[in-house]
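Here's the structure, in structure tokens; my notes come after.
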Amino acid sequence: MSTKIRCGWCEKDDLYRNYHDNEWGNPVYDDETLFEFLLLETFQAGLSWYTILSKRQNFSKAFDKFNYNKVAKYDEDKVTELMQDAGIIRNQLKIRGTISNAKAFMEVQNEFGSFSNYIWNFVDGKPL
């Protein structure tokens with residue numbers, strides 16, 4: 001039986017090990033997952049990735065399971081609601097940025113057929 005070789009950064013706990021073993025470094029081509037990562041990365045700015053991963057389920061619940069069509073339609077009442085949600089990062093600029101990103105995400109989809117087509121075009125569809 002072989003032992004899995006892991007990066008040192010992921011040995012903190014099972015949350016990080018699972019992310020490392022099952023997601024990190026794996027190419028993603030579906031728009032739903034790409035938007036999820038865009039949203040999570042928006043909130044990660046200035047914080048650790050571990051902090052975001054530990055709140056991932058809360059973000060999913062707060063942001064309609066990362067549904068960019070719904071997020072793009074969020075209004076001021078929804079921003080206020082999200083600012084009260086202790087389960088996520090309550091940063092108004094990041095919340096508003098996520099709403100703007102959802103709108104831009106859909107504009108890119110309209111122009112390129114999918115966000116995946118757009119983003120993967122930079123590397124000819126293959127990970128470097």
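Here's how to read the names in the structure tokens: chain A, B, ... by the order shown, residue numbers from 1 in each chain, ligand numbers from 1 in the order shown.
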
Can you list, as a VMD selection string, every protein, DNA or RNA residue that comes within 10 Å of Ser60 of chain A when you count only C-alpha atoms, leaving out same-chain residues fewer than 5 positions away? chain A and resid 36 39 to 40 55 65 to 67 88

For the residues in the current selection, export all heavy atoms as a PDB file, in the first residue's frame.
ATOM      1  N   GLU A  36     -17.868  29.353  -8.366  1.00  0.00           N
ATOM      2  CA  GLU A  36     -17.661  29.104  -6.933  1.00  0.00           C
ATOM      3  C   GLU A  36     -16.255  29.527  -6.523  1.00  0.00           C
ATOM      4  O   GLU A  36     -16.072  30.239  -5.533  1.00  0.00           O
ATOM      5  CB  GLU A  36     -17.864  27.624  -6.609  1.00  0.00           C
ATOM      6  CG  GLU A  36     -17.542  27.279  -5.169  1.00  0.00           C
ATOM      7  CD  GLU A  36     -17.675  25.809  -4.832  1.00  0.00           C
ATOM      8  OE1 GLU A  36     -18.145  25.017  -5.683  1.00  0.00           O
ATOM      9  OE2 GLU A  36     -17.317  25.439  -3.708  1.00  0.00           O
ATOM     10  N   LEU A  39     -15.849  33.316  -6.573  1.00  0.00           N
ATOM     11  CA  LEU A  39     -16.473  33.898  -5.387  1.00  0.00           C
ATOM     12  C   LEU A  39     -15.583  33.686  -4.157  1.00  0.00           C
ATOM     13  O   LEU A  39     -15.294  34.628  -3.410  1.00  0.00           O
ATOM     14  CB  LEU A  39     -17.853  33.283  -5.163  1.00  0.00           C
ATOM     15  CG  LEU A  39     -18.697  33.847  -4.016  1.00  0.00           C
ATOM     16  CD1 LEU A  39     -20.177  33.693  -4.346  1.00  0.00           C
ATOM     17  CD2 LEU A  39     -18.410  33.184  -2.693  1.00  0.00           C
ATOM     18  N   LEU A  40     -15.133  32.463  -3.958  1.00  0.00           N
ATOM     19  CA  LEU A  40     -14.308  32.168  -2.778  1.00  0.00           C
ATOM     20  C   LEU A  40     -12.990  32.938  -2.821  1.00  0.00           C
ATOM     21  O   LEU A  40     -12.540  33.458  -1.793  1.00  0.00           O
ATOM     22  CB  LEU A  40     -14.059  30.662  -2.670  1.00  0.00           C
ATOM     23  CG  LEU A  40     -15.293  29.807  -2.398  1.00  0.00           C
ATOM     24  CD1 LEU A  40     -14.938  28.319  -2.464  1.00  0.00           C
ATOM     25  CD2 LEU A  40     -15.933  30.148  -1.056  1.00  0.00           C
ATOM     26  N   LYS A  55     -15.242  28.064   5.831  1.00  0.00           N
ATOM     27  CA  LYS A  55     -16.548  28.735   5.728  1.00  0.00           C
ATOM     28  C   LYS A  55     -17.252  28.419   4.404  1.00  0.00           C
ATOM     29  O   LYS A  55     -18.287  28.995   4.097  1.00  0.00           O
ATOM     30  CB  LYS A  55     -16.364  30.253   5.858  1.00  0.00           C
ATOM     31  CG  LYS A  55     -15.866  30.694   7.224  1.00  0.00           C
ATOM     32  CD  LYS A  55     -15.637  32.192   7.243  1.00  0.00           C
ATOM     33  CE  LYS A  55     -15.217  32.671   8.600  1.00  0.00           C
ATOM     34  NZ  LYS A  55     -16.320  32.746   9.543  1.00  0.00           N
ATOM     35  N   LYS A  65     -26.007  28.632  -3.247  1.00  0.00           N
ATOM     36  CA  LYS A  65     -25.228  27.512  -3.810  1.00  0.00           C
ATOM     37  C   LYS A  65     -24.361  27.971  -4.982  1.00  0.00           C
ATOM     38  O   LYS A  65     -24.183  27.250  -5.969  1.00  0.00           O
ATOM     39  CB  LYS A  65     -26.131  26.353  -4.210  1.00  0.00           C
ATOM     40  CG  LYS A  65     -26.868  25.746  -3.033  1.00  0.00           C
ATOM     41  CD  LYS A  65     -27.737  24.589  -3.454  1.00  0.00           C
ATOM     42  CE  LYS A  65     -28.473  24.065  -2.230  1.00  0.00           C
ATOM     43  NZ  LYS A  65     -29.418  23.001  -2.560  1.00  0.00           N
ATOM     44  N   PHE A  66     -23.830  29.184  -4.864  1.00  0.00           N
ATOM     45  CA  PHE A  66     -22.928  29.768  -5.859  1.00  0.00           C
ATOM     46  C   PHE A  66     -23.610  29.921  -7.223  1.00  0.00           C
ATOM     47  O   PHE A  66     -22.962  29.829  -8.266  1.00  0.00           O
ATOM     48  CB  PHE A  66     -21.635  28.952  -5.984  1.00  0.00           C
ATOM     49  CG  PHE A  66     -20.924  28.744  -4.676  1.00  0.00           C
ATOM     50  CD1 PHE A  66     -20.857  27.485  -4.107  1.00  0.00           C
ATOM     51  CD2 PHE A  66     -20.328  29.805  -4.016  1.00  0.00           C
ATOM     52  CE1 PHE A  66     -20.203  27.279  -2.896  1.00  0.00           C
ATOM     53  CE2 PHE A  66     -19.665  29.618  -2.805  1.00  0.00           C
ATOM     54  CZ  PHE A  66     -19.606  28.347  -2.244  1.00  0.00           C
ATOM     55  N   ASN A  67     -24.893  30.213  -7.204  1.00  0.00           N
ATOM     56  CA  ASN A  67     -25.661  30.373  -8.437  1.00  0.00           C
ATOM     57  C   ASN A  67     -25.471  31.809  -8.947  1.00  0.00           C
ATOM     58  O   ASN A  67     -26.078  32.750  -8.428  1.00  0.00           O
ATOM     59  CB  ASN A  67     -27.132  30.077  -8.167  1.00  0.00           C
ATOM     60  CG  ASN A  67     -27.996  30.160  -9.396  1.00  0.00           C
ATOM     61  OD1 ASN A  67     -27.786  30.999 -10.271  1.00  0.00           O
ATOM     62  ND2 ASN A  67     -28.982  29.290  -9.460  1.00  0.00           N
ATOM     63  N   ILE A  88     -20.080  34.006   7.087  1.00  0.00           N
ATOM     64  CA  ILE A  88     -19.231  34.375   5.956  1.00  0.00           C
ATOM     65  C   ILE A  88     -18.323  35.524   6.372  1.00  0.00           C
ATOM     66  O   ILE A  88     -18.380  36.003   7.503  1.00  0.00           O
ATOM     67  CB  ILE A  88     -20.073  34.760   4.715  1.00  0.00           C
ATOM     68  CG1 ILE A  88     -20.884  36.034   4.971  1.00  0.00           C
ATOM     69  CG2 ILE A  88     -20.977  33.604   4.290  1.00  0.00           C
ATOM     70  CD1 ILE A  88     -21.519  36.650   3.726  1.00  0.00           C
TER      71      ILE A  88
END

Which residues, written as a count of residues only, have at least one atom at most 12 Å from Cys7 of chain A, with only C-alpha atoms counted and residues fewer than 5 positions away on the same chain left out? 8

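Here atom CA of Ile99 of chain A stands at a distance of 28.8 Å from atom CA of Asn18 of chain A.
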
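Atom pair atom CA of Asn91 of chain A / atom CA of Gly46 of chain A: separated by 11.5 Å.
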
task = Quick one: pick out all helix (DSSP H, G or I) residues within chain A from a backbone DSSP run and write them as JSON, numbers by chain.
result = {"A": [8, 9, 10, 14, 15, 16, 17, 18, 19, 20, 21, 22, 31, 32, 33, 34, 35, 36, 37, 38, 39, 40, 41, 42, 43, 44, 49, 50, 51, 52, 53, 54, 56, 57, 58, 59, 60, 61, 62, 64, 65, 66, 68, 69, 70, 71, 76, 77, 78, 79, 80, 81, 82, 83, 92, 93, 94, 95, 96, 97, 98, 99, 100, 101, 102, 103, 104, 105, 106, 107, 108, 109, 110, 111, 112, 115, 116, 117, 118, 119, 120, 121]}

List the spatial neighbours of Asp85 of chain A as an MDAnalysis selection string - criterion: any atom at most 12 Å away, only C-alpha atoms, same-chain residues fewer than 2 positions off excluded.
chainID A and resid 55 58:59 61:63 78:83 87:92 95

Could you save those same residues with C-alpha atoms as an mmCIF file, in the first residue's frame?
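Full text of part_34.cif as output:
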data_model
loop_
_atom_site.group_PDB
_atom_site.id
_atom_site.type_symbol
_atom_site.label_atom_id
_atom_site.label_comp_id
_atom_site.auth_asym_id
_atom_site.auth_seq_id
_atom_site.Cartn_x
_atom_site.Cartn_y
_atom_site.Cartn_z
ATOM 1 C CA LYS A 55 -16.548 28.735 5.728
ATOM 2 C CA ASN A 58 -21.677 28.921 4.819
ATOM 3 C CA PHE A 59 -20.773 30.747 1.606
ATOM 4 C CA LYS A 61 -25.804 28.721 1.713
ATOM 5 C CA ALA A 62 -25.466 32.518 1.791
ATOM 6 C CA PHE A 63 -24.873 32.819 -1.963
ATOM 7 C CA LYS A 78 -29.617 41.095 0.130
ATOM 8 C CA VAL A 79 -26.371 43.012 0.738
ATOM 9 C CA THR A 80 -27.719 44.045 4.160
ATOM 10 C CA GLU A 81 -28.719 40.433 4.878
ATOM 11 C CA LEU A 82 -25.266 39.151 3.917
ATOM 12 C CA MET A 83 -23.605 41.788 6.106
ATOM 13 C CA GLY A 87 -20.948 32.510 8.802
ATOM 14 C CA ILE A 88 -19.231 34.375 5.956
ATOM 15 C CA ILE A 89 -16.688 37.176 5.658
ATOM 16 C CA ARG A 90 -18.803 40.282 6.217
ATOM 17 C CA ASN A 91 -16.951 42.701 4.005
ATOM 18 C CA GLN A 92 -19.288 44.970 2.079
ATOM 19 C CA ILE A 95 -19.999 41.265 -1.213
#

Pairwise distance, atom CA of Cys10 of chain A with atom CA of Glu32 of chain A, equals 24.9 Å

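Proximity ranking of A:Gln109, A:Leu15, A:Arg6, A:Tyr118 relative to Thr51 of chain A places A:Leu15 first, based on only C-alpha atoms.
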
Of A:Leu128, A:Val108, A:Leu93, A:Ala102, the one nearest to Tyr74 of chain A when counting only C-alpha atoms is A:Ala102

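With only C-alpha atoms as the atoms that count, the residue of A:Pro27, A:Gly8, A:Asp14, A:Glu41 with the shortest distance to Val123 of chain A is A:Pro27.
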
Open item on the list: Excluding Ser116 of chain A and its own-chain neighbours fewer than 3 positions away, which residues fall within 6 Å of it when counting only C-alpha atoms? Please give them as an NGL selection string.
Closed with: :A and (29 or 31 or 119-120)
